[in-house]
Amino acid sequence: MSNVTFKFDGVDYVGQAGDSLATALLRNGVLHFTDSTYRDRPRGIMSLWVDEPNALVNVDSGAGEPMVPATTVEITEGLVARSLAGIGDLPDTRDISRYDRAYRHADVLVVGAGLAGLTEAKKYADKGKTVIIMDDQPEVGGHAKQCGEVIPPELLASLTLENVTHLQRTTVIGTYDQGYAVAVERRTDHVSSKVSTDVARIRTWHVRAKHTVLATGAFQRPLVFANNDRPGIMLSHAAATYVERGVSKFKTAVVVTVDNQGYTDAIRLHKSGVRVLAIVDIRKKLSKASIKLARKPAEKLGIRILKGATALDTNGNLDGILSSVVVTDPKSGLNETISTDLLAISGGWTPTVHLATYIGIKPTWSNKRAAFIVRSKVKSISAVGMLAGDFVELEPAVYFGTELDETQALVAFVDHQRDATLRDLRRAVGAGMVSIEHVKRYTAIGTAHDQGKTSGTLTMGLIGNLVGLALDEIGSLTFRPPYIAVPFAALAGRERGLHTEPIRTTSIHPWHIAAGAPMEDVGQWKRPWFFPKPGEDLHAAVLRECRAARNGVAVMDASTLGKIDIQGKDAGEFLDQIYTNMFSTLKVGMSRYGLMCGVDGMVFDDGVTTRLGENHWLMTTTTGGAAKVMDWLEEWLQTEWPHLEVFCTSVTEQIATVAIVGPKSRDLLAMLSPGLDVSKEGFAFMENKYADVAGIPARIARISFSGELAYEINVSAWYGLELWNKVMELGAPLDVTPYGTESLHVLRAEKGFVIVGQETDGTQTPDDLGMDWIVSKKKDFIGKRSFSRSDTSRPDRHQLVGLLPDTSAFVIPEGSYFAEEQHKGATPPIPHIGYVTSSYFSGELNRSFAMALVHNGRARIGDRVAIGNETAVITEPIFVDKENVRRDG
Amino acid sequence: MVKVNSTKATSSLGGAVHGGLDKNIYLAEVPNTPGIDLRVDPTSPAFTAVNQALGLFLNPQVGSVVRKNADCIVSQDQQPSADGISALCLGPDWWLLTGTADIASLLRPVQDTHHISIVDVSAQRTKIEIYGPKVKEILGHVWEQDLRDSTFPIDACTQGLMAKSPVILWHCCENCYLIFVRSSFAQHLWDVIADATVEYL
């Protein structure tokens, strides 16, 4: 064994490689570990593993970890930790450790690599099944290994088979339906106390298995008596194991037990050189088997056995550390104080039922085993080993502690972490509570870091005693994942920083980046927000970009629009149902703007759809709405109208779209596509033409989202960047100006065009937006029926209007609520009449303007409204080119 | 269908390569390859007509792949046959056709008389080839579905989200998979997969 140096509470210690922090500290004689959270009582290490309620530490080296049991921390050179009185703290610095995630499918998942788990793993592995076996401890072998038993070599050999994945230090933290389990594997902390950035410190495993074997074992229970929380009082299995590992602090021991485990551990202590002064066994009579297996061997070693007795109280030295135990037998009148270093408690076993209960298996109470055990009736889940009650031969008494008076009850701890006592339980029952769930919430028992791993069954037993109910009538606690505390970083895995969410980009994106455009998030897309020239801010850039679009030529990347290819002879009929307006009458080669509503008659999405051929259409959707519209179309086709001969295919990324906008866009198009008739007569508004543009096969659509003469050039996305480069190159003499989403918004708002999702929030009808003109009176369509609902058709709904602030430089913040003019400057609460949906400064108007949804808005046109101390006049929601003369250039 | 007839074509990943053929993992974009989205009802006469036109029998089993003159040439010094077709069945009436053959031209006449949909999706997705002895472990960091050969053998394909990006995954030969990823997500996905290789390189 090599030595390992570590620091605890500022003191340097030397432990041995492979020690847990708890082992190493006990090896160094540290008994008083910390003080309890609420009552400042001295506490020491009580258990071996994650059930430890006292010995919490904050690890400060490496990635740092708040609140972990010292029993689960493996010491490494340079480890720095400090004791906690219940509450830990996170480091101030960002955790730069690597964390990742792995998915794995298997025929069988075995949870627990003790004897029972190993046996099951071998059974399935031998049948050729793919097996994953996970165990949360550093070493394979579970209790058997801890008790010094030899694990059969053939069981260990099966772990290395090709069809077996074996993971230690891997805690299954949750089990779910359909064989789904989540586990965390600790991969680096036991190797080094340094931060691990290249190897994942913790890997979160997501496992799906056809069959799950739960072999989760059991934890030993303490007993309730006065002053049962002193340093020096331990669970007997833990005490014996620590002593076997070389902890030499304890010279004498008293074992208080309710089962044969106490005898086993007493003998282990004895063999390791501890003088066992007495075994105090609450059971008077034992079965022959138990006498032979437990009592006789102890008696042979000369250990005194007090039958029918138990612990009543303890005494401590000046530091509160155990000095003696008071044992009692009320029937015989025995009351004896025995001085001892160690008090080892064996209060029976509590199977680790958590994972079973997560998937809905109710543990059942077994009097023979004094435990809630798991018997799975589900075919795909089996419970084995101690979890299934494989310890009946220990012959435990159903016993949780002796009678105590009020003063004793005040220091008889049930949940050490919460400092909850027998007195708290009595008060809960006195207040009328019987349900364990109520008691838990009243006393906080089981709600601390260890989630009641030692206190759960104890509480139920004591409640049973207090109210006179059997344990199967009390029922067991509800457990919820995760089984142990898990760092959020481990759950996040690699989904941090830029990997948190996909970033979607167009084929032209590299140009935008090179041009230094700040990006705007539009759903998952990154779109250029504006293209600043040196020294320009957003305002200046947008003024310039809009000026180019209104007076010269501007260009934008419109590739993010959703696009759906629709084919089939019934496509026209289908579109008539989807859109509020008519499409089946559209001529081949022409485009039409359409609005679609949900079944509630509220605007759902919009876009331009083009008839490419007799039975071939191309729909565009909003950037953010592409996936939802595609699902919408498929839903109607698959569930309502399967008879329609229509197929839909998403082509959003297939097509790159470059929009050239402005009175000079015709000149630019002529330069880009010399053979094309770009005349007003030869290329009508909403018409589509196929031609080579800059040598690239393209479909050109004369569409405008600004009111200006404009064309959208559509090419294979392979050539999007090339097209853009050519537009910039050939358009240079025309001073072609790239523009971003901000100018796009200003241009469309000046023209009164709505953006679904900006002017709408799912509660606007077409009429609310002043778009009654697009709603067909002749045909049926989705949402039509809802227009006749009284609330949908009432005349005073919130309606879209324009706002012109009286202070022409004042840009009203988007989202502002406003009131009638009489409330100008008034202190809220004041009744509001509407809210601003879009608001910008317009270079074209040389003033600010806004769009708003206003209660009974159309009837209020000409009225003034108050936004705080400012006022604005309500107008029609159109500000530029009301006569539609600009679109022809 | 637009053919790659110009050096001006770009791809989402610019032909990126990561790792190596002699390493535990090799990751490479296979840029600018053709793809046709075919929709046809497998119980209709159109299906027979499609099979005749393509000269192969499409398998209507979702998740199947049928090939004609299209051996896996990934990571081999071998020229592909000029009339290769691979047909990935993505849905009950949905195939992705890819290969060297002029698939759209083969199918176009069928559309004159039958209800089928033919859509050029060459630029809709790009392909990422991932190959090597550690490929399953690495994909297992980003892919929730079962990769065991017993459930996802060679010439099986499936769809799903990989690093929250919509992809089609094709197990195309031993220790080799092709990921068809929507072009706009390609860089994000590439970054995530490349990151997942760090413990294996």
# chains A, B, ... in the order shown; residues from 1 in each chain; ligands from 1
call {"tool": "select_by_dssp", "arguments": {"residues": "region 609-779 of chain A", "states": "strand (DSSP E or B)", "output": "ChimeraX atom specification"}}
result
/A:609-613,616-621,647-650,655-661,687-693,696-701,710-716,737-738
call {"tool": "interface_residues", "arguments": {"of": "chain A", "to": "chain B", "cutoff": "6 Å", "atoms": "only C-alpha atoms", "output": "list of chain:residue names"}}
result
A:Arg101, A:Ala102, A:Tyr103, A:His105, A:Pro502, A:Arg504, A:Thr505, A:Thr506, A:Gln567, A:Glu653, A:Gln654, A:Ala717, A:Trp718, A:Tyr719
call {"tool": "closest_residue", "arguments": {"among": "B:Thr33, B:Ser64, B:Thr197, B:Thr43", "to": "Val135 (chain B)", "atoms": "only C-alpha atoms"}}
result
B:Thr197
call {"tool": "residues_around", "arguments": {"residues": "Tyr177 (chain B)", "least_positions_apart": "6", "cutoff": "6 Å", "atoms": "only C-alpha atoms", "output": "number ranges by chain"}}
result
B: 129-130, 170-171
call {"tool": "write_last_selection", "arguments": {"atoms": "N, CA and C atoms", "output": "PDB file, in the first residue's frame"}}
result
ATOM      1  N   GLU B 129     -19.288  11.032 -43.186  1.00  0.00           N
ATOM      2  CA  GLU B 129     -18.882   9.644 -43.074  1.00  0.00           C
ATOM      3  C   GLU B 129     -18.143   9.482 -41.754  1.00  0.00           C
ATOM      4  N   ILE B 130     -18.487   8.452 -41.009  1.00  0.00           N
ATOM      5  CA  ILE B 130     -17.782   8.208 -39.747  1.00  0.00           C
ATOM      6  C   ILE B 130     -17.385   6.737 -39.716  1.00  0.00           C
ATOM      7  N   TRP B 170     -27.183   5.817 -41.713  1.00  0.00           N
ATOM      8  CA  TRP B 170     -27.127   4.611 -42.547  1.00  0.00           C
ATOM      9  C   TRP B 170     -25.883   3.836 -42.144  1.00  0.00           C
ATOM     10  N   HIS B 171     -26.091   2.619 -41.698  1.00  0.00           N
ATOM     11  CA  HIS B 171     -24.959   1.737 -41.406  1.00  0.00           C
ATOM     12  C   HIS B 171     -24.529   1.141 -42.749  1.00  0.00           C
TER      13      HIS B 171
END
call {"tool": "residues_around", "arguments": {"residues": "Leu586 (chain A)", "least_positions_apart": "2", "cutoff": "12 Å", "atoms": "only C-alpha atoms", "output": "PyMOL selection string"}}
result
chain A and resi 571-573+575-576+581-584+588-594+609-617+686-687
call {"tool": "write_last_selection", "arguments": {"atoms": "N, CA and C atoms", "output": "PDB file, in the first residue's frame"}}
result
ATOM      1  N   ALA A 571     -53.182  18.769 -55.060  1.00  0.00           N
ATOM      2  CA  ALA A 571     -52.468  19.760 -54.248  1.00  0.00           C
ATOM      3  C   ALA A 571     -53.231  21.081 -54.174  1.00  0.00           C
ATOM      4  N   GLY A 572     -53.847  21.497 -55.299  1.00  0.00           N
ATOM      5  CA  GLY A 572     -54.603  22.756 -55.301  1.00  0.00           C
ATOM      6  C   GLY A 572     -55.759  22.704 -54.318  1.00  0.00           C
ATOM      7  N   GLU A 573     -56.486  21.615 -54.357  1.00  0.00           N
ATOM      8  CA  GLU A 573     -57.625  21.439 -53.445  1.00  0.00           C
ATOM      9  C   GLU A 573     -57.134  21.440 -51.991  1.00  0.00           C
ATOM     10  N   LEU A 575     -54.401  22.907 -50.807  1.00  0.00           N
ATOM     11  CA  LEU A 575     -53.991  24.258 -50.413  1.00  0.00           C
ATOM     12  C   LEU A 575     -55.201  25.141 -50.152  1.00  0.00           C
ATOM     13  N   ASP A 576     -56.282  24.923 -50.894  1.00  0.00           N
ATOM     14  CA  ASP A 576     -57.508  25.690 -50.643  1.00  0.00           C
ATOM     15  C   ASP A 576     -58.014  25.455 -49.222  1.00  0.00           C
ATOM     16  N   ASN A 581     -57.330  31.768 -48.323  1.00  0.00           N
ATOM     17  CA  ASN A 581     -57.668  32.254 -49.668  1.00  0.00           C
ATOM     18  C   ASN A 581     -57.497  31.136 -50.706  1.00  0.00           C
ATOM     19  N   MET A 582     -57.948  31.415 -51.912  1.00  0.00           N
ATOM     20  CA  MET A 582     -58.027  30.402 -52.975  1.00  0.00           C
ATOM     21  C   MET A 582     -56.673  30.228 -53.654  1.00  0.00           C
ATOM     22  N   PHE A 583     -56.266  28.982 -53.865  1.00  0.00           N
ATOM     23  CA  PHE A 583     -55.026  28.700 -54.583  1.00  0.00           C
ATOM     24  C   PHE A 583     -55.233  27.875 -55.835  1.00  0.00           C
ATOM     25  N   SER A 584     -56.282  27.066 -55.852  1.00  0.00           N
ATOM     26  CA  SER A 584     -56.441  26.123 -56.968  1.00  0.00           C
ATOM     27  C   SER A 584     -56.614  26.845 -58.302  1.00  0.00           C
ATOM     28  N   VAL A 588     -50.125  28.490 -63.508  1.00  0.00           N
ATOM     29  CA  VAL A 588     -48.774  27.943 -63.431  1.00  0.00           C
ATOM     30  C   VAL A 588     -47.775  29.081 -63.632  1.00  0.00           C
ATOM     31  N   GLY A 589     -46.739  29.108 -62.786  1.00  0.00           N
ATOM     32  CA  GLY A 589     -45.716  30.145 -62.903  1.00  0.00           C
ATOM     33  C   GLY A 589     -45.997  31.358 -62.047  1.00  0.00           C
ATOM     34  N   MET A 590     -47.134  31.353 -61.361  1.00  0.00           N
ATOM     35  CA  MET A 590     -47.480  32.519 -60.542  1.00  0.00           C
ATOM     36  C   MET A 590     -47.400  32.172 -59.046  1.00  0.00           C
ATOM     37  N   SER A 591     -47.175  33.204 -58.261  1.00  0.00           N
ATOM     38  CA  SER A 591     -47.112  33.056 -56.797  1.00  0.00           C
ATOM     39  C   SER A 591     -48.281  33.804 -56.164  1.00  0.00           C
ATOM     40  N   ARG A 592     -48.630  33.394 -54.981  1.00  0.00           N
ATOM     41  CA  ARG A 592     -49.701  34.093 -54.245  1.00  0.00           C
ATOM     42  C   ARG A 592     -49.372  34.060 -52.760  1.00  0.00           C
ATOM     43  N   TYR A 593     -49.658  35.172 -52.102  1.00  0.00           N
ATOM     44  CA  TYR A 593     -49.490  35.228 -50.648  1.00  0.00           C
ATOM     45  C   TYR A 593     -50.673  34.550 -49.991  1.00  0.00           C
ATOM     46  N   GLY A 594     -50.412  33.767 -48.965  1.00  0.00           N
ATOM     47  CA  GLY A 594     -51.505  33.075 -48.281  1.00  0.00           C
ATOM     48  C   GLY A 594     -51.356  33.149 -46.781  1.00  0.00           C
ATOM     49  N   THR A 609     -46.914  31.047 -51.820  1.00  0.00           N
ATOM     50  CA  THR A 609     -46.871  29.735 -52.447  1.00  0.00           C
ATOM     51  C   THR A 609     -46.948  29.895 -53.959  1.00  0.00           C
ATOM     52  N   THR A 610     -46.106  29.111 -54.638  1.00  0.00           N
ATOM     53  CA  THR A 610     -45.943  29.245 -56.086  1.00  0.00           C
ATOM     54  C   THR A 610     -46.392  27.971 -56.782  1.00  0.00           C
ATOM     55  N   ARG A 611     -47.113  28.155 -57.893  1.00  0.00           N
ATOM     56  CA  ARG A 611     -47.475  26.982 -58.686  1.00  0.00           C
ATOM     57  C   ARG A 611     -46.378  26.790 -59.728  1.00  0.00           C
ATOM     58  N   LEU A 612     -45.539  25.779 -59.494  1.00  0.00           N
ATOM     59  CA  LEU A 612     -44.415  25.533 -60.393  1.00  0.00           C
ATOM     60  C   LEU A 612     -44.860  24.772 -61.633  1.00  0.00           C
ATOM     61  N   GLY A 613     -45.902  23.955 -61.479  1.00  0.00           N
ATOM     62  CA  GLY A 613     -46.428  23.169 -62.590  1.00  0.00           C
ATOM     63  C   GLY A 613     -47.872  22.850 -62.293  1.00  0.00           C
ATOM     64  N   GLU A 614     -48.518  22.153 -63.196  1.00  0.00           N
ATOM     65  CA  GLU A 614     -49.927  21.843 -63.007  1.00  0.00           C
ATOM     66  C   GLU A 614     -50.159  21.176 -61.639  1.00  0.00           C
ATOM     67  N   ASN A 615     -49.304  20.203 -61.322  1.00  0.00           N
ATOM     68  CA  ASN A 615     -49.465  19.445 -60.070  1.00  0.00           C
ATOM     69  C   ASN A 615     -48.286  19.641 -59.126  1.00  0.00           C
ATOM     70  N   HIS A 616     -47.641  20.751 -59.252  1.00  0.00           N
ATOM     71  CA  HIS A 616     -46.405  20.938 -58.495  1.00  0.00           C
ATOM     72  C   HIS A 616     -46.365  22.352 -57.906  1.00  0.00           C
ATOM     73  N   TRP A 617     -46.212  22.428 -56.579  1.00  0.00           N
ATOM     74  CA  TRP A 617     -46.274  23.698 -55.871  1.00  0.00           C
ATOM     75  C   TRP A 617     -45.083  23.830 -54.940  1.00  0.00           C
ATOM     76  N   MET A 686     -45.490  38.979 -59.030  1.00  0.00           N
ATOM     77  CA  MET A 686     -45.871  37.627 -58.591  1.00  0.00           C
ATOM     78  C   MET A 686     -45.633  36.550 -59.657  1.00  0.00           C
ATOM     79  N   GLU A 687     -44.882  36.918 -60.672  1.00  0.00           N
ATOM     80  CA  GLU A 687     -44.561  35.936 -61.701  1.00  0.00           C
ATOM     81  C   GLU A 687     -43.223  35.270 -61.373  1.00  0.00           C
TER      82      GLU A 687
END
call {"tool": "residues_around", "arguments": {"residues": "Ile85 (chain B)", "least_positions_apart": "2", "cutoff": "12 Å", "atoms": "only C-alpha atoms", "output": "PyMOL selection string"}}
result
chain B and resi 34-36+51+53-58+65-72+80-83+87-88+95-104+106
call {"tool": "write_last_selection", "arguments": {"atoms": "N, CA and C atoms", "output": "short mmCIF file (atom, residue, chain, number, x, y, z; two decimals), in the first residue's frame"}}
result
data_model
loop_
_atom_site.label_atom_id
_atom_site.label_comp_id
_atom_site.auth_asym_id
_atom_site.auth_seq_id
_atom_site.Cartn_x
_atom_site.Cartn_y
_atom_site.Cartn_z
N PRO B 34 -25.56 13.80 -54.99
CA PRO B 34 -26.97 13.97 -55.34
C PRO B 34 -27.90 13.18 -54.43
N GLY B 35 -29.11 13.67 -54.31
CA GLY B 35 -30.13 12.97 -53.54
C GLY B 35 -31.51 13.31 -54.08
N ILE B 36 -32.35 12.30 -54.13
CA ILE B 36 -33.72 12.50 -54.60
C ILE B 36 -34.66 11.97 -53.52
N ASN B 51 -40.16 0.86 -59.66
CA ASN B 51 -39.17 -0.22 -59.61
C ASN B 51 -38.62 -0.53 -61.00
N ALA B 53 -38.54 1.51 -63.57
CA ALA B 53 -37.74 2.64 -64.05
C ALA B 53 -36.35 2.64 -63.42
N LEU B 54 -36.30 2.30 -62.13
CA LEU B 54 -35.00 2.31 -61.44
C LEU B 54 -34.21 1.04 -61.69
N GLY B 55 -34.91 -0.03 -62.09
CA GLY B 55 -34.24 -1.31 -62.29
C GLY B 55 -33.84 -1.96 -60.98
N LEU B 56 -34.62 -1.74 -59.97
CA LEU B 56 -34.38 -2.44 -58.70
C LEU B 56 -35.71 -2.56 -57.96
N PHE B 57 -35.73 -3.34 -56.92
CA PHE B 57 -36.94 -3.48 -56.12
C PHE B 57 -36.77 -2.71 -54.82
N LEU B 58 -37.51 -1.62 -54.73
CA LEU B 58 -37.50 -0.86 -53.47
C LEU B 58 -38.09 -1.73 -52.38
N VAL B 65 -32.30 -0.60 -46.58
CA VAL B 65 -31.56 0.03 -47.67
C VAL B 65 -31.37 -1.01 -48.77
N VAL B 66 -31.69 -0.60 -50.00
CA VAL B 66 -31.49 -1.47 -51.16
C VAL B 66 -30.50 -0.78 -52.07
N ARG B 67 -29.56 -1.57 -52.60
CA ARG B 67 -28.56 -0.94 -53.47
C ARG B 67 -28.52 -1.63 -54.83
N LYS B 68 -28.13 -0.86 -55.81
CA LYS B 68 -27.87 -1.41 -57.14
C LYS B 68 -26.55 -0.80 -57.62
N ASN B 69 -25.60 -1.65 -57.92
CA ASN B 69 -24.27 -1.20 -58.37
C ASN B 69 -23.69 -0.12 -57.46
N ALA B 70 -23.94 -0.26 -56.21
CA ALA B 70 -23.47 0.77 -55.28
C ALA B 70 -22.83 0.12 -54.07
N ASP B 71 -21.64 -0.47 -54.28
CA ASP B 71 -20.90 -1.03 -53.16
C ASP B 71 -20.43 0.10 -52.28
N CYS B 72 -20.20 -0.22 -51.03
CA CYS B 72 -19.70 0.81 -50.14
C CYS B 72 -18.27 1.12 -50.54
N PRO B 80 -16.60 4.73 -57.91
CA PRO B 80 -17.96 4.20 -57.90
C PRO B 80 -18.46 3.91 -59.31
N SER B 81 -19.31 2.92 -59.40
CA SER B 81 -19.96 2.61 -60.67
C SER B 81 -20.81 3.82 -61.09
N ALA B 82 -20.94 4.03 -62.40
CA ALA B 82 -21.59 5.26 -62.88
C ALA B 82 -23.12 5.19 -62.81
N ASP B 83 -23.66 4.01 -62.51
CA ASP B 83 -25.13 3.92 -62.49
C ASP B 83 -25.62 3.37 -61.14
N ALA B 87 -31.18 3.07 -52.13
CA ALA B 87 -32.52 3.54 -51.77
C ALA B 87 -32.76 3.30 -50.28
N LEU B 88 -32.84 4.38 -49.52
CA LEU B 88 -33.08 4.30 -48.08
C LEU B 88 -34.57 4.51 -47.82
N TRP B 95 -38.80 7.31 -49.73
CA TRP B 95 -37.43 6.84 -49.93
C TRP B 95 -36.50 8.01 -50.20
N LEU B 96 -35.28 7.88 -49.74
CA LEU B 96 -34.22 8.78 -50.16
C LEU B 96 -33.33 7.99 -51.12
N LEU B 97 -33.23 8.50 -52.34
CA LEU B 97 -32.42 7.82 -53.36
C LEU B 97 -31.14 8.61 -53.56
N THR B 98 -30.06 7.89 -53.54
CA THR B 98 -28.78 8.57 -53.72
C THR B 98 -27.88 7.67 -54.55
N GLY B 99 -26.92 8.24 -55.23
CA GLY B 99 -26.03 7.45 -56.06
C GLY B 99 -25.58 8.20 -57.29
N THR B 100 -24.85 7.51 -58.12
CA THR B 100 -24.27 8.15 -59.29
C THR B 100 -25.23 8.22 -60.47
N ALA B 101 -26.24 7.39 -60.48
CA ALA B 101 -27.19 7.38 -61.61
C ALA B 101 -27.98 8.67 -61.67
N ASP B 102 -28.48 9.02 -62.86
CA ASP B 102 -29.34 10.20 -63.00
C ASP B 102 -30.77 9.79 -62.63
N ILE B 103 -30.98 9.73 -61.34
CA ILE B 103 -32.21 9.13 -60.81
C ILE B 103 -33.45 9.93 -61.22
N ALA B 104 -33.35 11.24 -61.18
CA ALA B 104 -34.51 12.08 -61.52
C ALA B 104 -34.96 11.81 -62.95
N LEU B 106 -34.56 9.10 -64.65
CA LEU B 106 -35.17 7.76 -64.72
C LEU B 106 -36.62 7.80 -64.27
#
call {"tool": "residues_around", "arguments": {"residues": "Val11 (chain A)", "least_positions_apart": "5", "cutoff": "10 Å", "atoms": "only C-alpha atoms", "output": "list of chain:residue names"}}
result
A:Phe6, A:Val80, A:Ala81, A:Arg82
call {"tool": "atom_distance", "arguments": {"atom1": "CA of Val258 (chain A)", "atom2": "CA of Ala294 (chain A)"}}
result
12.1 Å
call {"tool": "residues_around", "arguments": {"residues": "Trp205 (chain A)", "least_positions_apart": "4", "cutoff": "10 Å", "atoms": "only C-alpha atoms", "output": "ChimeraX atom specification"}}
result
/A:100-104,170-173,181-185,491 /B:140-141
call {"tool": "write_last_selection", "arguments": {"atoms": "C-alpha atoms", "output": "mmCIF file, in the first residue's frame"}}
result
data_model
loop_
_atom_site.group_PDB
_atom_site.id
_atom_site.type_symbol
_atom_site.label_atom_id
_atom_site.label_comp_id
_atom_site.auth_asym_id
_atom_site.auth_seq_id
_atom_site.Cartn_x
_atom_site.Cartn_y
_atom_site.Cartn_z
ATOM 1 C CA ASP A 100 -20.149 13.746 -21.229
ATOM 2 C CA ARG A 101 -22.998 11.403 -21.948
ATOM 3 C CA ALA A 102 -23.274 7.972 -23.477
ATOM 4 C CA TYR A 103 -26.226 5.973 -24.703
ATOM 5 C CA ARG A 104 -26.159 2.194 -24.574
ATOM 6 C CA THR A 170 -21.223 3.924 -11.622
ATOM 7 C CA THR A 171 -24.399 4.762 -9.736
ATOM 8 C CA VAL A 172 -27.754 4.123 -11.328
ATOM 9 C CA ILE A 173 -29.607 7.241 -10.263
ATOM 10 C CA ALA A 181 -32.092 3.725 -16.655
ATOM 11 C CA VAL A 182 -29.762 6.650 -16.080
ATOM 12 C CA ALA A 183 -26.425 6.256 -14.344
ATOM 13 C CA VAL A 184 -23.446 8.433 -13.497
ATOM 14 C CA GLU A 185 -19.934 7.060 -13.795
ATOM 15 C CA LEU A 491 -26.479 15.999 -16.512
ATOM 16 C CA GLY B 140 -23.011 6.311 -28.691
ATOM 17 C CA HIS B 141 -22.196 9.697 -27.201
#
call {"tool": "select_by_dssp", "arguments": {"residues": "region 80-180 of chain B", "states": "alpha helix (DSSP H)", "output": "list of chain:residue names"}}
result
B:Ile103, B:Ala104, B:Ser105, B:Leu106, B:Leu107, B:Arg108, B:Pro109, B:Val110, B:Gln111, B:Asp112, B:Thr113, B:Val135, B:Lys136, B:Glu137, B:Ile138, B:Leu139
call {"tool": "atom_distance", "arguments": {"atom1": "CA of His643 (chain A)", "atom2": "CA of Tyr579 (chain A)"}}
result
18.9 Å
call {"tool": "closest_residue", "arguments": {"among": "A:Ala656, A:Ala866, A:Leu466, A:Met134", "to": "Ala819 (chain A)", "atoms": "only C-alpha atoms"}}
result
A:Ala866
call {"tool": "closest_residue", "arguments": {"among": "A:Arg283, A:Arg699, A:Arg27, A:His143", "to": "Gly117 (chain A)", "atoms": "only C-alpha atoms"}}
result
A:His143
call {"tool": "atom_distance", "arguments": {"atom1": "CA of Asp41 (chain B)", "atom2": "CA of Phe574 (chain A)"}}
result
18.2 Å
call {"tool": "closest_residue", "arguments": {"among": "A:Gln577, A:Asn227, A:Thr459, A:Thr447", "to": "Val411 (chain A)", "atoms": "only C-alpha atoms"}}
result
A:Asn227
